[in-house]
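Pasting query-v9.txt here (compact mmCIF, C-alpha atoms):
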```
# COMPACT_ATOMS: atom_id res chain seq x y z
CA MET O 22 133.47 116.75 56.47
CA GLY O 23 130.90 114.12 57.42
CA ARG O 24 127.28 114.70 58.18
CA ARG O 25 126.49 116.34 61.48
CA HIS O 26 123.71 114.85 63.62
CA ILE O 27 121.50 117.67 64.88
CA GLN O 28 119.50 116.87 68.01
CA VAL O 29 116.25 118.85 68.14
CA GLY O 30 113.86 119.69 70.95
CA LEU O 31 110.37 120.56 69.69
CA ALA O 32 108.10 122.62 71.96
CA GLY O 33 104.50 122.42 70.77
CA LEU O 34 102.73 119.75 68.77
CA GLY O 35 99.79 121.71 67.44
CA ASN O 36 99.05 122.25 63.77
CA VAL O 37 102.48 123.65 62.84
CA GLY O 38 104.41 121.48 65.28
CA MET O 39 102.84 118.35 63.86
CA GLY O 40 103.68 119.60 60.38
CA VAL O 41 107.33 120.05 61.36
CA TYR O 42 107.47 116.56 62.86
CA ALA O 43 105.77 114.91 59.86
CA ASN O 44 107.66 116.82 57.17
CA LEU O 45 111.06 116.27 58.75
CA GLU O 46 110.33 112.56 58.53
CA LYS O 47 108.95 112.85 55.01
CA ASN O 48 111.95 114.74 53.59
CA ARG O 49 114.65 113.30 55.80
CA GLU O 50 116.83 111.99 52.94
CA LEU O 51 116.34 115.13 50.85
CA LEU O 52 117.42 117.35 53.74
CA GLY O 53 120.38 115.15 54.53
CA ASP O 54 121.65 115.33 50.96
CA ARG O 55 121.14 119.10 50.68
CA CYS O 56 122.66 120.27 53.93
CA GLN O 57 124.81 117.32 55.00
CA ALA O 58 123.01 117.02 58.33
CA ASP O 59 120.69 114.47 59.87
CA PHE O 60 117.92 115.89 62.07
CA ASN O 61 116.65 113.89 65.00
CA ILE O 62 113.76 115.11 67.15
CA LYS O 63 114.82 113.86 70.57
CA LYS O 64 112.08 115.34 72.74
CA ILE O 65 108.69 117.00 72.18
CA ALA O 66 107.13 119.16 74.89
CA VAL O 67 103.32 119.24 74.93
CA ARG O 68 100.77 120.61 77.38
CA ASN O 69 98.60 117.48 77.46
CA LEU O 70 100.17 114.04 77.19
CA ASP O 71 96.75 112.37 76.80
CA LYS O 72 95.51 114.47 73.89
CA ALA O 73 94.46 112.52 70.78
CA ARG O 74 96.67 113.38 67.82
CA ASP O 75 96.22 113.09 64.07
CA ARG O 76 99.53 111.28 63.67
CA ASP O 77 101.20 108.60 65.75
CA VAL O 78 104.08 110.03 67.73
CA PRO O 79 106.18 107.72 69.93
CA GLU O 80 105.20 108.23 73.55
CA ALA O 81 108.85 108.08 74.56
CA LEU O 82 109.42 111.41 72.79
CA LEU O 83 106.71 113.27 74.68
CA THR O 84 107.04 115.28 77.87
CA ASN O 85 104.79 117.83 79.53
CA ARG O 86 107.81 119.81 80.82
CA TRP O 87 109.40 122.24 78.38
CA GLN O 88 112.31 122.35 80.83
CA ASP O 89 113.26 118.84 79.69
CA LEU O 90 114.30 120.30 76.34
CA ILE O 91 116.54 122.84 78.05
CA GLU O 92 118.07 120.44 80.52
CA ASP O 93 119.04 117.83 77.93
CA PRO O 94 122.70 118.52 77.08
CA ASP O 95 122.46 116.65 73.77
CA ILE O 96 119.81 118.95 72.26
CA ASP O 97 121.40 121.47 69.90
CA VAL O 98 118.33 123.35 68.63
CA VAL O 99 115.05 124.22 70.36
CA ILE O 100 112.02 124.89 68.15
CA GLU O 101 109.46 127.02 70.00
CA LEU O 102 105.92 126.63 68.63
CA ILE O 103 103.84 126.74 71.82
CA GLY O 104 102.33 130.18 71.24
CA GLY O 105 101.52 132.80 73.84
CA THR O 106 104.24 134.83 75.50
CA GLU O 107 104.72 133.76 79.12
CA ASP O 108 105.94 130.15 78.88
CA ALA O 109 107.37 130.80 75.43
CA LYS O 110 109.53 133.63 76.71
CA SER O 111 110.83 131.53 79.61
CA LEU O 112 111.63 128.69 77.22
CA VAL O 113 113.49 130.90 74.74
CA ILE O 114 115.42 132.80 77.41
CA GLU O 115 116.54 129.60 79.15
CA ALA O 116 117.48 127.98 75.83
CA LEU O 117 119.71 130.92 74.94
CA ARG O 118 121.31 130.91 78.38
CA ARG O 119 122.17 127.25 77.79
CA ARG O 120 123.60 128.29 74.40
CA LYS O 121 121.05 126.34 72.42
CA VAL O 122 120.04 127.69 69.01
CA VAL O 123 116.40 128.85 68.92
CA VAL O 124 113.91 128.60 66.07
CA SER O 125 110.59 130.33 66.74
CA GLY O 126 107.37 131.02 64.85
CA ASN O 127 105.96 133.17 67.66
CA LYS O 128 105.28 136.66 66.28
CA ALA O 129 103.64 137.93 69.50
CA LEU O 130 106.63 136.87 71.59
CA LEU O 131 109.19 138.45 69.27
CA ALA O 132 107.16 141.63 68.67
CA GLU O 133 106.70 142.26 72.39
CA HIS O 134 110.00 140.90 73.77
CA GLY O 135 112.30 140.74 70.75
CA GLN O 136 114.62 143.48 71.94
CA GLU O 137 115.38 141.58 75.14
CA ILE O 138 115.60 138.20 73.42
CA PHE O 139 117.98 139.32 70.68
CA ALA O 140 120.16 141.25 73.13
CA LEU O 141 120.59 138.03 75.10
CA ALA O 142 121.21 136.06 71.91
CA GLN O 143 123.96 138.50 70.98
CA GLU O 144 125.49 138.27 74.45
CA MET O 145 125.47 134.47 74.36
CA GLU O 146 126.56 134.42 70.70
CA VAL O 147 123.67 132.12 69.80
CA PRO O 148 121.35 132.87 66.86
CA VAL O 149 117.56 133.09 66.85
CA TYR O 150 115.71 132.18 63.64
CA PHE O 151 112.14 133.29 63.07
CA GLU O 152 111.12 132.99 59.41
CA ALA O 153 107.83 131.29 60.33
CA ALA O 154 106.74 134.26 62.46
CA VAL O 155 105.66 136.30 59.42
CA ALA O 156 103.65 135.25 56.35
CA GLY O 157 103.77 131.47 56.78
CA GLY O 158 105.68 129.87 53.93
CA ILE O 159 106.80 133.14 52.29
CA PRO O 160 110.55 133.71 52.93
CA ILE O 161 110.14 137.42 53.67
CA ILE O 162 112.36 137.52 56.76
CA LYS O 163 115.30 135.93 54.95
CA ALA O 164 114.77 138.26 51.99
CA ILE O 165 115.00 141.40 54.15
CA GLN O 166 117.81 140.06 56.37
CA GLU O 167 119.96 138.74 53.56
CA SER O 168 118.91 139.34 49.95
CA LEU O 169 117.96 143.01 50.47
CA VAL O 170 120.52 143.81 53.16
CA GLY O 171 122.23 146.40 50.92
CA ASN O 172 119.03 148.41 50.48
CA ARG O 173 117.41 151.20 52.40
CA ILE O 174 113.89 149.84 52.75
CA GLU O 175 111.58 152.69 51.79
CA LEU O 176 108.20 150.96 51.86
CA ILE O 177 106.68 147.65 52.88
CA SER O 178 103.01 147.10 52.15
CA GLY O 179 101.54 143.72 52.78
CA ILE O 180 98.55 141.46 53.23
CA ILE O 181 99.86 139.38 56.13
CA ASN O 182 96.74 137.89 57.71
CA GLY O 183 95.02 135.17 55.70
CA THR O 184 91.90 135.04 57.89
CA CYS O 185 91.02 138.69 57.26
CA ASN O 186 91.87 138.38 53.59
CA TYR O 187 89.56 135.39 53.28
CA ILE O 188 86.69 137.19 55.02
CA LEU O 189 87.05 140.31 52.87
CA THR O 190 87.30 138.18 49.70
CA ARG O 191 84.08 136.32 50.51
CA MET O 192 82.27 139.57 51.36
CA ARG O 193 83.28 140.94 47.96
CA GLU O 194 82.78 137.84 45.81
CA LYS O 195 79.62 136.41 47.38
CA GLY O 196 78.08 139.38 49.15
CA LEU O 197 78.35 137.71 52.57
CA GLY O 198 78.01 139.79 55.70
CA TYR O 199 80.99 140.03 58.02
CA THR O 200 79.54 137.62 60.59
CA GLU O 201 78.60 135.06 57.93
CA ALA O 202 82.02 135.24 56.26
CA LEU O 203 83.77 134.87 59.63
CA GLN O 204 81.72 131.78 60.46
CA GLU O 205 82.58 130.27 57.08
CA ALA O 206 86.28 130.91 57.79
CA LYS O 207 85.91 129.11 61.14
CA ASP O 208 84.09 126.17 59.54
CA LEU O 209 86.91 125.75 57.01
CA GLY O 210 89.64 126.01 59.62
CA TYR O 211 90.93 129.38 58.33
CA ALA O 212 89.97 131.14 61.56
CA GLU O 213 90.57 130.07 65.15
CA SER O 214 87.64 129.38 67.47
CA ASP O 215 88.65 132.69 69.07
CA PRO O 216 89.61 134.84 66.06
CA THR O 217 90.07 138.07 68.03
CA LEU O 218 93.76 138.64 67.25
CA ASP O 219 93.08 138.04 63.56
CA VAL O 220 90.05 140.26 63.04
CA ASN O 221 91.14 143.08 65.36
CA GLY O 222 94.37 143.43 63.37
CA TRP O 223 96.88 142.48 66.05
CA ASP O 224 98.07 139.26 64.43
CA ALA O 225 99.14 141.42 61.49
CA GLY O 226 100.31 144.10 63.93
CA HIS O 227 102.84 141.79 65.58
CA LYS O 228 104.15 140.77 62.17
CA ALA O 229 104.38 144.43 61.13
CA VAL O 230 106.52 145.16 64.21
CA LEU O 231 109.03 142.50 63.12
CA LEU O 232 109.11 143.68 59.50
CA ALA O 233 109.45 147.32 60.55
CA SER O 234 112.27 146.53 62.98
CA LEU O 235 114.18 144.71 60.26
CA ALA O 236 113.46 147.46 57.73
CA CYS O 237 114.83 150.30 59.85
CA GLY O 238 117.43 148.36 61.85
CA ARG O 239 116.04 149.44 65.23
CA TRP O 240 113.35 147.88 67.40
CA VAL O 241 109.87 149.25 66.86
CA PRO O 242 107.82 149.23 70.09
CA ALA O 243 104.57 147.33 69.62
CA ASP O 244 102.67 149.81 71.78
CA GLN O 245 103.53 152.70 69.44
CA ILE O 246 102.07 151.34 66.22
CA HIS O 247 98.49 151.95 65.08
CA VAL O 248 96.31 148.88 64.55
CA GLU O 249 92.72 148.58 63.32
CA GLY O 250 90.77 145.49 62.38
CA ILE O 251 87.98 144.65 59.96
CA GLU O 252 85.08 144.16 62.39
CA GLY O 253 83.36 147.42 61.40
CA ILE O 254 83.33 146.83 57.64
CA SER O 255 79.92 146.06 56.14
CA VAL O 256 78.95 144.46 52.87
CA ASN O 257 77.62 147.89 51.84
CA ASP O 258 81.13 149.31 52.24
CA ILE O 259 82.49 146.54 50.04
CA LYS O 260 79.91 147.36 47.34
CA PHE O 261 80.49 151.12 47.45
CA VAL O 262 84.26 150.64 47.26
CA GLU O 263 83.92 148.25 44.31
CA ASN O 264 81.82 150.77 42.41
CA LEU O 265 84.53 153.36 43.00
CA GLY O 266 87.17 151.10 41.41
CA TYR O 267 88.79 149.83 44.61
CA THR O 268 88.83 146.77 46.81
CA VAL O 269 89.29 146.57 50.60
CA LYS O 270 92.36 144.84 52.05
CA LEU O 271 93.78 144.74 55.55
CA LEU O 272 97.26 146.16 54.94
CA ALA O 273 100.38 146.51 57.01
CA ILE O 274 102.12 149.71 55.92
CA ILE O 275 105.72 150.45 56.90
CA ARG O 276 107.21 153.60 55.48
CA GLY O 277 110.35 155.57 56.28
CA SER O 278 110.40 159.36 56.43
CA ALA O 279 112.92 162.17 56.07
CA ASP O 280 113.15 162.77 59.83
CA THR O 281 114.03 159.09 60.41
CA SER O 282 110.71 158.28 62.11
CA MET O 283 108.79 155.26 60.84
CA GLU O 284 105.16 155.13 59.76
CA VAL O 285 103.96 151.74 60.99
CA ARG O 286 100.26 150.87 60.88
CA VAL O 287 97.79 148.09 60.17
CA GLN O 288 94.43 149.18 58.77
CA PRO O 289 91.76 148.12 56.30
CA CYS O 290 92.51 150.19 53.20
CA LEU O 291 91.18 150.92 49.75
CA VAL O 292 93.50 149.46 47.12
CA PRO O 293 93.04 150.32 43.41
CA ARG O 294 91.55 147.32 41.62
CA GLN O 295 94.35 147.26 39.05
CA HIS O 296 97.07 147.04 41.71
CA LEU O 297 98.80 143.73 42.35
CA LEU O 298 97.70 143.56 45.98
CA ALA O 299 94.04 143.85 44.96
CA SER O 300 94.30 140.49 43.18
CA VAL O 301 95.55 138.63 46.28
CA ASN O 302 92.49 136.72 47.45
CA GLY O 303 91.41 134.02 49.87
CA VAL O 304 93.91 133.00 52.54
CA PHE O 305 96.94 134.01 50.49
CA ASN O 306 99.44 136.62 51.66
CA ALA O 307 101.56 139.06 49.69
CA VAL O 308 104.27 141.49 50.74
CA MET O 309 105.63 144.27 48.53
CA VAL O 310 109.06 145.60 49.50
CA GLU O 311 110.56 148.69 47.91
CA GLY O 312 114.29 149.29 48.33
CA ASP O 313 116.37 152.18 47.10
CA LEU O 314 118.54 149.85 45.00
CA VAL O 315 116.28 146.96 44.01
CA GLY O 316 113.10 148.96 43.43
CA GLU O 317 109.81 147.09 43.93
CA THR O 318 109.72 143.39 44.77
CA LEU O 319 106.73 141.16 45.47
CA PHE O 320 106.55 138.06 47.67
CA TYR O 321 103.39 135.95 47.37
CA GLY O 322 102.24 132.65 48.77
CA SER O 323 100.46 130.80 51.54
CA GLY O 324 100.52 132.87 54.68
CA ALA O 325 99.47 130.11 57.07
CA GLY O 326 98.73 126.41 57.25
CA GLN O 327 100.55 123.35 58.46
CA ASP O 328 102.78 122.62 55.48
CA PRO O 329 103.70 126.17 54.36
CA THR O 330 104.57 127.30 57.89
CA SER O 331 106.46 124.11 58.66
CA SER O 332 108.44 124.75 55.47
CA SER O 333 109.72 127.99 56.99
CA VAL O 334 110.51 126.32 60.32
CA ILE O 335 112.48 123.58 58.55
CA ALA O 336 114.35 126.18 56.49
CA ASP O 337 115.41 127.86 59.73
CA LEU O 338 116.42 124.48 61.14
CA VAL O 339 118.67 123.93 58.12
CA ASP O 340 120.21 127.39 58.61
CA ALA O 341 120.82 126.45 62.22
CA ALA O 342 122.53 123.24 61.13
CA VAL O 343 124.82 125.12 58.75
CA GLY O 344 125.66 127.60 61.48
CA LEU O 345 126.47 124.82 63.94
CA GLN O 346 128.68 123.05 61.40
CA HIS O 347 130.65 126.14 60.46
CA GLU O 348 130.31 128.17 63.67
CA GLU O 349 128.53 130.92 61.77
CA LYS O 350 126.12 133.33 63.45
CA ARG O 351 122.86 134.73 62.14
CA GLY O 352 123.23 137.82 59.95
CA TYR O 353 121.73 141.25 60.32
CA ILE O 354 119.19 141.81 63.10
CA PRO O 355 117.94 145.12 64.55
CA SER O 356 120.31 146.95 66.86
CA ASN O 357 119.32 147.39 70.49
CA GLU O 358 118.19 150.96 69.80
CA VAL O 359 114.50 151.88 69.70
CA ALA O 360 113.03 153.39 66.55
CA ALA O 361 111.03 156.60 66.48
CA VAL O 362 107.49 155.89 65.30
CA MET O 363 105.42 158.60 63.64
CA PRO O 364 102.21 159.35 65.58
CA ILE O 365 99.21 158.13 63.62
CA GLU O 366 97.67 161.61 63.94
CA ASP O 367 100.47 163.02 61.75
CA THR O 368 100.06 160.57 58.88
CA VAL O 369 98.37 161.91 55.76
CA SER O 370 96.27 160.21 53.12
CA GLN O 371 92.97 160.30 51.28
CA TYR O 372 89.97 158.55 52.84
CA TYR O 373 86.65 156.86 52.25
CA LEU O 374 84.02 157.87 54.83
CA ARG O 375 80.56 156.33 55.07
CA LEU O 376 78.02 157.90 57.41
CA LYS O 377 74.52 156.88 58.38
CA VAL O 378 72.43 160.07 58.26
CA ASP O 379 68.82 161.18 58.48
CA ASN O 380 67.32 161.35 55.01
CA VAL O 381 66.38 165.03 55.24
CA PRO O 382 67.56 168.20 53.44
CA GLY O 383 70.59 170.05 54.79
CA VAL O 384 72.56 167.11 56.18
CA LEU O 385 75.38 167.31 53.64
CA ALA O 386 75.75 171.05 54.27
CA GLN O 387 76.21 170.46 58.01
CA VAL O 388 78.81 167.74 57.42
CA ALA O 389 80.67 169.81 54.82
CA ALA O 390 80.76 172.83 57.12
CA ILE O 391 82.51 170.84 59.87
CA ALA O 392 84.97 169.36 57.37
CA GLY O 393 85.74 172.81 55.98
CA LYS O 394 86.30 174.24 59.45
CA HIS O 395 89.09 171.70 59.95
CA GLY O 396 90.61 172.27 56.52
CA ILE O 397 89.39 168.95 55.14
CA GLY O 398 88.44 168.80 51.47
CA ILE O 399 85.67 166.58 50.10
CA THR O 400 86.43 165.42 46.56
CA SER O 401 83.17 163.58 45.82
CA VAL O 402 79.87 162.59 47.40
CA ILE O 403 77.74 159.48 46.86
CA GLN O 404 74.21 159.26 48.28
CA PRO O 405 72.09 156.47 46.81
CA GLU O 406 68.44 157.34 46.29
CA THR O 407 66.19 155.92 48.98
CA SER O 408 62.89 156.71 50.65
CA ALA O 409 64.08 155.18 53.97
CA PRO O 410 64.33 157.55 56.93
CA VAL O 411 68.07 156.79 57.30
CA ALA O 412 70.46 156.77 54.34
CA ASP O 413 74.10 156.08 53.55
CA LEU O 414 76.25 159.10 52.78
CA VAL O 415 79.67 158.33 51.27
CA LEU O 416 82.33 161.02 51.17
CA MET O 417 85.69 160.78 49.45
CA ILE O 418 88.15 162.88 51.45
CA ASP O 419 91.19 164.65 49.98
CA ASP O 420 94.64 164.33 51.58
CA ALA O 421 94.27 165.13 55.26
CA PRO O 422 96.13 164.48 58.52
CA TYR O 423 94.54 161.59 60.36
CA GLY O 424 94.33 163.60 63.59
CA SER O 425 92.42 166.47 61.98
CA LEU O 426 90.03 164.08 60.29
CA LYS O 427 89.31 162.19 63.52
CA THR O 428 88.59 165.49 65.32
CA ALA O 429 86.20 166.52 62.57
CA LEU O 430 84.58 163.10 62.56
CA ALA O 431 83.89 163.33 66.29
CA GLU O 432 82.03 166.60 65.69
CA ILE O 433 80.12 165.09 62.78
CA GLN O 434 79.05 162.15 64.91
CA ALA O 435 77.71 164.58 67.52
CA LEU O 436 75.23 166.02 65.01
CA LYS O 437 71.61 165.03 65.62
CA CYS O 438 71.28 164.00 61.98
CA THR O 439 74.05 161.37 62.06
CA SER O 440 74.13 157.90 63.58
CA ASP O 441 76.97 156.10 65.36
CA HIS O 442 79.52 153.75 63.81
CA PRO O 443 80.78 155.50 60.67
CA THR O 444 83.22 153.61 58.45
CA LEU O 445 86.54 155.38 57.80
CA LEU O 446 89.02 153.70 55.45
CA ARG O 447 92.31 154.94 54.09
CA MET O 448 93.01 155.07 50.37
CA GLU O 449 96.49 153.73 49.70
CA THR O 450 98.51 155.15 46.83
CA PHE O 451 101.39 153.26 45.26
CA ALA O 452 104.14 154.30 42.87
CA HIS O 453 103.06 151.66 40.36
CA GLN O 454 99.37 150.82 40.28
CA SER O 455 99.04 148.36 37.41
CA VAL O 456 99.14 144.59 37.53
```
Re-express the file's structure as structure tokens.
Amino acid sequence: MGRRHIQVGLAGLGNVGMGVYANLEKNRELLGDRCQADFNIKKIAVRNLDKARDRDVPEALLTNRWQDLIEDPDIDVVIELIGGTEDAKSLVIEALRRRKVVVSGNKALLAEHGQEIFALAQEMEVPVYFEAAVAGGIPIIKAIQESLVGNRIELISGIINGTCNYILTRMREKGLGYTEALQEAKDLGYAESDPTLDVNGWDAGHKAVLLASLACGRWVPADQIHVEGIEGISVNDIKFVENLGYTVKLLAIIRGSADTSMEVRVQPCLVPRQHLLASVNGVFNAVMVEGDLVGETLFYGSGAGQDPTSSSVIADLVDAAVGLQHEEKRGYIPSNEVAAVMPIEDTVSQYYLRLKVDNVPGVLAQVAAIAGKHGIGITSVIQPETSAPVADLVLMIDDAPYGSLKTALAEIQALKCTSDHPTLLRMETFAHQSV
């Protein structure tokens, strides 16, 4: 069988889109030899035709209408990298209706509309590939869809947002405040000019929805998962946690349970310093997957960036080429059923709680009395010596339901001796703690 010529429509020529364009050219011969297909980008849809670009792209390829990609009968594969959900959804839906294979790196689109998109893909018998939507260059989607398909996935715990990981690393290593570390991340290009979705946890939240849906085989509704960001963490919290033998990481946790509901959450958590995830620093990502057959596996690498993410897009493009050559369809995807998600109030763990309190006698007794009333145990207390009128009070909380702890915390905050904005962080426990 001779080489197949794959005609590609590329939607979006931002950082990742430019990487896909450049790296397809760079490795054209290598790809041709490995998959017996020649890739030709026939059209590129952009929002602004006059925008200055880092690399010369022939003007004849550019259009400001994404519809041109759909309407061209010669285009076999549409790569969607425009971001957002409105135009991106229209583009993907129309591409599938025209029976064009779709490759997407859009985690928000797939997390919020994946059930509809994949139902249409199944109806039209056209695959959707989305490796680049989670963890940049790490092949975690392919691993769960294919390599681990024979496993019941019991736990996924991952650092899947490089911006937050960079900020927390700099706060720990250099003692930077949150605002200072965020600005440094912006200056280095690790954070967007508007980093809201990164720091409030929802970039990781969208990725967690996709991982959870693959893990349980049913779609996890994005509006039912619990998401917290890192905005409220101070350098003092980082120091206290370090002294306790932990480090702070923004983790996505996906865990099955006996009643078939899924625990799906994104939160800053305390991770034991000797655990593998504690050593993942800077903008790197890592995902630990535990299956009933394979046991624990670890996937580590660059979670963002032009080249790593374009690597995943190109890998999907090659899969698409193989499928087109052999009329194969994409393997396992979630069914059209909706998963049951455990309410965050029912989840149980240990916690780190830092309060700002008046530096007067009797404060700890008042706090402990409220905790005891709600059946919450305090395992240790840290109160650094200070002559200041307001002091930090750190409590380590024994296993407790999140709902009970939040109720107790609301009462504690209502005390006259406590200030607003406490810091509450989960302590994650893992089967194997050591590096």
Contact residues around range 74-90 of chain O with all atoms listed in the file at 9 Å, ignoring same-chain residues under 4 positions, as an NGL selection string: :O and (29-32 or 34-35 or 39 or 42-43 or 62-70 or 94 or 96 or 99 or 108 or 112 or 115-116)
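Using only C-alpha atoms, the residues found no farther than 10 Å from Ala273 in chain O, other than those of its own chain fewer than 5 positions away, are Ile177, Ser178, Gly179, Ile180, Ile181, Asn182, Gly222, Ala225, Gly226, Lys228, Ala229, Val230, Leu232, Ala233, His247, Val248, Val285, Arg286, Val287, Gln288, Pro289, Cys290 and Val308 of chain O.
The space between CA of Ile433 in chain O and CA of Asn380 in chain O spans 15.4 Å.
Distances to Ala421 in chain O were evaluated for O:Glu201, O:Asp367, O:Glu175, O:Glu249 using all atoms listed in the file, and the minimum falls at O:Asp367.
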Between O:His26, O:Gly158, O:Thr190, O:Ala109, single out the one closest to Ala336 in chain O, counting only C-alpha atoms.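 Closest to Ala336 in chain O of all the choices is O:Gly158.
Shortest atom-to-atom contact with Val304 in chain O among O:Ser425, O:Thr200, O:Thr184, O:Thr444: O:Thr184, counting only C-alpha atoms.
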Length of the CA of His347 in chain O to CA of Val155 in chain O vector [Å]: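 Pair CA of His347 in chain O / CA of Val155 in chain O returns 27.0 Å.
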For a test of reading the model, state the distance in Å between CA of Pro355 in chain O and CA of Gly316 in chain O, rounded to one decimal.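 If I compute the distance from CA of Pro355 in chain O to CA of Gly316 in chain O, I get 22.0 Å.
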Give the answer as one residue: which of O:Leu297, O:Ile391, O:Ala341, O:Leu209 has the shortest atom-to-atom distance to Tyr150 in chain O, using only C-alpha atoms?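 Of all the options, O:Ala341 lies closest to Tyr150 in chain O.
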Residues at most 10 Å from Leu45 in chain O, counting only C-alpha atoms, excluding those fewer than 5 positions away in the same chain, as a short mmCIF file (atom, residue, chain, number, x, y, z; two decimals) with C-alpha atoms, in the frame of the given file?
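This went into part11.cif:
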```cif
data_model
loop_
_atom_site.label_atom_id
_atom_site.label_comp_id
_atom_site.auth_asym_id
_atom_site.auth_seq_id
_atom_site.Cartn_x
_atom_site.Cartn_y
_atom_site.Cartn_z
CA MET O 39 102.84 118.35 63.86
CA GLY O 40 103.68 119.60 60.38
CA GLU O 50 116.83 111.99 52.94
CA LEU O 51 116.34 115.13 50.85
CA LEU O 52 117.42 117.35 53.74
CA ASP O 59 120.69 114.47 59.87
CA PHE O 60 117.92 115.89 62.07
CA ASN O 61 116.65 113.89 65.00
CA ILE O 62 113.76 115.11 67.15
CA SER O 331 106.46 124.11 58.66
CA SER O 332 108.44 124.75 55.47
CA ILE O 335 112.48 123.58 58.55
#
```
Restricting the calculation to all atoms listed in the file: of O:His395, O:Lys110, O:Lys163, O:Lys260, which residue gets closest to Glu194 in chain O?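 For Glu194 in chain O, the nearest of the candidates is O:Lys260.
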Find, counting all atoms listed in the file, the residue in O:Ile259, O:Cys237, O:Leu376, O:Ala212 that gets nearest to Gly198 in chain O.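 Closest to Gly198 in chain O of all the choices is O:Ile259.
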May I have the residues within 7 Å of range 410-414 of chain O as a short mmCIF file (atom, residue, chain, number, x, y, z; two decimals) with C-alpha atoms, in the coordinates of the input, using only C-alpha atoms and disregarding those fewer than 3 positions away in the same chain?
```
data_model
loop_
_atom_site.label_atom_id
_atom_site.label_comp_id
_atom_site.auth_asym_id
_atom_site.auth_seq_id
_atom_site.Cartn_x
_atom_site.Cartn_y
_atom_site.Cartn_z
CA ARG O 375 80.56 156.33 55.07
CA LEU O 376 78.02 157.90 57.41
CA LYS O 377 74.52 156.88 58.38
CA VAL O 378 72.43 160.07 58.26
CA ASP O 379 68.82 161.18 58.48
CA ASN O 380 67.32 161.35 55.01
CA ILE O 403 77.74 159.48 46.86
CA GLN O 404 74.21 159.26 48.28
CA THR O 407 66.19 155.92 48.98
#
```
Near Gln387 in chain O, within 12 Å and counting all atoms listed in the file, which residues show up once chain neighbours fewer than 2 positions away are dropped, as an NGL selection string? :O and (378-379 or 381-385 or 389-394 or 429 or 432-439)
Taking (117.5, 138.0, 51.2) in the coordinates of the supplied file, I want to know which residues reach to within 12 Å of it, counting all atoms listed in the file; could you give the answer as a ChimeraX atom specification? /O:152,159-172,235,310,315,318,320,352-353
Report, as JSON, the centre and edge lengths in Å (one decimal) of the axis-aligned box enclosing every listed atom of range 309-318 of chain O, padded by 4 Å on each side.
```
{"center_x": 112.1, "center_y": 147.8, "center_z": 46.5, "size_x": 20.9, "size_y": 16.8, "size_z": 14.1}
```
